[in-house]
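Worksheet: one structure, shown below.
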Number of protein chains: 2
Amino acid sequence: MADDALFDFLHMEIVSHATKSDPSCLQDGDEAMSKLEQIGYSTGYRFIERLTKDLSRFKDELEVMKAICKDFWSAVFKKQVDNLRTNHQGVYVLQDNKFRFLASISNSRQYLELAPKYLVFTCGLLRGALASLGLTCIVTAEVTTMPACKFQVHLQRA
Amino acid sequence: MADDALFDFLHMEIVSHATKSDPSCLQDGDEAMSKLEQIGYSTGYRFIERLTKDLSRFKDELEVMKAICKDFWSAVFKKQVDNLRTNHQGVYVLQDNKFRFLASISNSRQYLELAPKYLVFTCGLLRGALASLGLTCIVTAEVTTMPACKFQVHLQRA
């Protein structure tokens, strides 16, 4: 319980440091977001390797996505993705009705504009995990009502 | 088991990003270290609050240090500090014979110079946790043989 808090607090600090304007840096908001996304990417890439090392190969793309929603999400966020949808053409939408990194932010509309910076690390995490499993993709996130959010995975086919 | 790896990988990525030379930044090595220390500080400050919220007040400085070695270290690193020494004048040395953030680095002498950057986040973590419990201090770290290391806590008395 308390141990999960460590990961939450560390995530909060990274977001805060990455997005705080640093006078010695020329980087703007986009670069800060890109950096957070990259940190997520490398973390996700390595973490899924460890997580799946004793599993047999996934037989198709849908199985990979299911493992992400179940095993990966549980290991990172201590809950599963609540809903997975697909158009069967390479787009998957993962919905989490109580996303952990948003759960401690007030859900008044006033704070809605702050939400994206708490999602970008996880977009990277997802993209890294999928890349490690052989799927190249673009991941975007969207919040309509806090603390629910949707991650849209757009697979890039060769 | 796998979940701990998440924290390890995230820590590795933060160290790697903070110390990677960024062409858009003027910051040098010292500033990168200071940033890592600050991220550790805020994380430690918040985490110990959560961890100790149901405990009764510590009766003295030594009790605080013991809780850090036992409860705090276990929650963060899944093991206790192996040895705690003090000169009874405000200096405490915490020795960890298998420090988690060094355990995955080769222990040949060649990599000894890389060790400090993997300790600075934890120096901040300790300083933050102690500050939250009312003790102002300076924390330094030292490695002689990997993966063992010592954290020296120098309490600042008013």
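Each chain in the structure tokens gets a letter, A, B and so on, in the order shown; residues start at 1 in every chain, and ligands are counted from 1 in the order they appear.
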
DSSP on the backbone: what in stretch 16-158 of chain A comes out strand (DSSP E or B), as a ChimeraX atom specification?
/A:25,83-86,91-96,137-142,149-155

Using N, CA, C and O atoms, can you export the residues from the last selection as a compact mmCIF listing (two decimals), in the first residue's frame?
```
# COMPACT_ATOMS: atom_id res chain seq x y z
N CYS A 25 17.73 26.17 -19.17
CA CYS A 25 17.34 25.33 -20.30
C CYS A 25 16.56 26.15 -21.32
O CYS A 25 15.77 27.02 -20.95
N ASN A 83 -11.82 -1.18 -19.75
CA ASN A 83 -12.49 -1.45 -21.02
C ASN A 83 -11.50 -1.37 -22.17
O ASN A 83 -10.69 -0.44 -22.23
N LEU A 84 -11.56 -2.38 -23.05
CA LEU A 84 -10.69 -2.37 -24.23
C LEU A 84 -11.57 -2.44 -25.46
O LEU A 84 -12.42 -3.31 -25.57
N ARG A 85 -11.37 -1.49 -26.36
CA ARG A 85 -12.14 -1.53 -27.61
C ARG A 85 -11.20 -1.47 -28.80
O ARG A 85 -10.09 -0.92 -28.70
N THR A 86 -11.63 -2.01 -29.91
CA THR A 86 -10.80 -1.94 -31.11
C THR A 86 -11.69 -1.81 -32.35
O THR A 86 -12.85 -2.24 -32.34
N VAL A 91 -6.49 0.09 -34.38
CA VAL A 91 -6.70 1.10 -33.34
C VAL A 91 -7.33 0.43 -32.11
O VAL A 91 -8.33 -0.27 -32.22
N TYR A 92 -6.70 0.65 -30.95
CA TYR A 92 -7.20 0.11 -29.69
C TYR A 92 -7.40 1.25 -28.71
O TYR A 92 -6.57 2.14 -28.64
N VAL A 93 -8.52 1.21 -28.00
CA VAL A 93 -8.75 2.23 -26.98
C VAL A 93 -8.85 1.55 -25.62
O VAL A 93 -9.67 0.66 -25.41
N LEU A 94 -7.93 1.95 -24.71
CA LEU A 94 -7.90 1.38 -23.36
C LEU A 94 -8.51 2.41 -22.42
O LEU A 94 -8.00 3.52 -22.32
N GLN A 95 -9.57 2.04 -21.75
CA GLN A 95 -10.17 2.98 -20.83
C GLN A 95 -9.95 2.57 -19.38
O GLN A 95 -10.20 1.42 -19.00
N ASP A 96 -9.47 3.51 -18.59
CA ASP A 96 -9.29 3.27 -17.16
C ASP A 96 -10.20 4.26 -16.44
O ASP A 96 -10.04 5.48 -16.56
N CYS A 137 3.82 1.64 -32.50
CA CYS A 137 2.55 2.36 -32.43
C CYS A 137 2.72 3.82 -32.01
O CYS A 137 3.80 4.24 -31.60
N ILE A 138 1.63 4.55 -32.13
CA ILE A 138 1.55 5.90 -31.58
C ILE A 138 0.51 5.83 -30.47
O ILE A 138 -0.55 5.21 -30.66
N VAL A 139 0.81 6.45 -29.33
CA VAL A 139 -0.15 6.41 -28.22
C VAL A 139 -0.53 7.83 -27.84
O VAL A 139 0.34 8.68 -27.64
N THR A 140 -1.81 8.09 -27.78
CA THR A 140 -2.27 9.39 -27.29
C THR A 140 -3.25 9.15 -26.14
O THR A 140 -3.77 8.06 -25.98
N ALA A 141 -3.48 10.20 -25.35
CA ALA A 141 -4.37 10.04 -24.21
C ALA A 141 -5.38 11.16 -24.18
O ALA A 141 -5.16 12.23 -24.75
N GLU A 142 -6.47 10.91 -23.51
CA GLU A 142 -7.56 11.86 -23.49
C GLU A 142 -8.29 11.73 -22.16
O GLU A 142 -8.53 10.63 -21.67
N CYS A 149 -9.76 8.05 -17.86
CA CYS A 149 -9.07 8.49 -19.07
C CYS A 149 -8.95 7.35 -20.07
O CYS A 149 -9.14 6.18 -19.74
N LYS A 150 -8.70 7.76 -21.30
CA LYS A 150 -8.59 6.80 -22.40
C LYS A 150 -7.24 6.92 -23.06
O LYS A 150 -6.79 8.04 -23.35
N PHE A 151 -6.61 5.78 -23.31
CA PHE A 151 -5.38 5.77 -24.08
C PHE A 151 -5.69 5.17 -25.44
O PHE A 151 -6.23 4.06 -25.52
N GLN A 152 -5.36 5.91 -26.48
CA GLN A 152 -5.61 5.40 -27.82
C GLN A 152 -4.29 4.92 -28.43
O GLN A 152 -3.34 5.68 -28.55
N VAL A 153 -4.27 3.65 -28.80
CA VAL A 153 -3.07 3.04 -29.40
C VAL A 153 -3.34 2.86 -30.89
O VAL A 153 -4.29 2.20 -31.29
N HIS A 154 -2.47 3.47 -31.69
CA HIS A 154 -2.62 3.40 -33.12
C HIS A 154 -1.44 2.60 -33.67
O HIS A 154 -0.33 3.11 -33.77
N LEU A 155 -1.67 1.33 -34.02
CA LEU A 155 -0.57 0.49 -34.49
C LEU A 155 -0.11 0.94 -35.87
O LEU A 155 -0.92 1.26 -36.75
```

From a DSSP calculation on the backbone, collect every residue of chain B in alpha helix (DSSP H) and output the set as an NGL selection string.
:B and (2-19 or 29-51 or 61-67 or 73-77 or 100-103 or 120-132)

Report, in Å with one decimal, the straight-line distance from atom CA of B:Ile39 to atom CA of B:Gly124.
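Straight-line distance from atom CA of B:Ile39 to atom CA of B:Gly124 works out to 7.2 Å.
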
Kindly give the distance, in Å, that separates atom CA of B:Leu133 and atom CA of B:Ala115, rounded to a single decimal.
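Result for atom CA of B:Leu133 versus atom CA of B:Ala115: 28.0 Å, one decimal.
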
List the neighbours of A:Phe7 out to 12 Å using only C-alpha atoms; skip same-chain residues closer than 3 positions along the sequence, and give me the result as a PyMOL selection string.
(chain A and resi 1-4+10-14+75-78+100-101) or (chain B and resi 3-11+40+43-44+46-47+75-76)
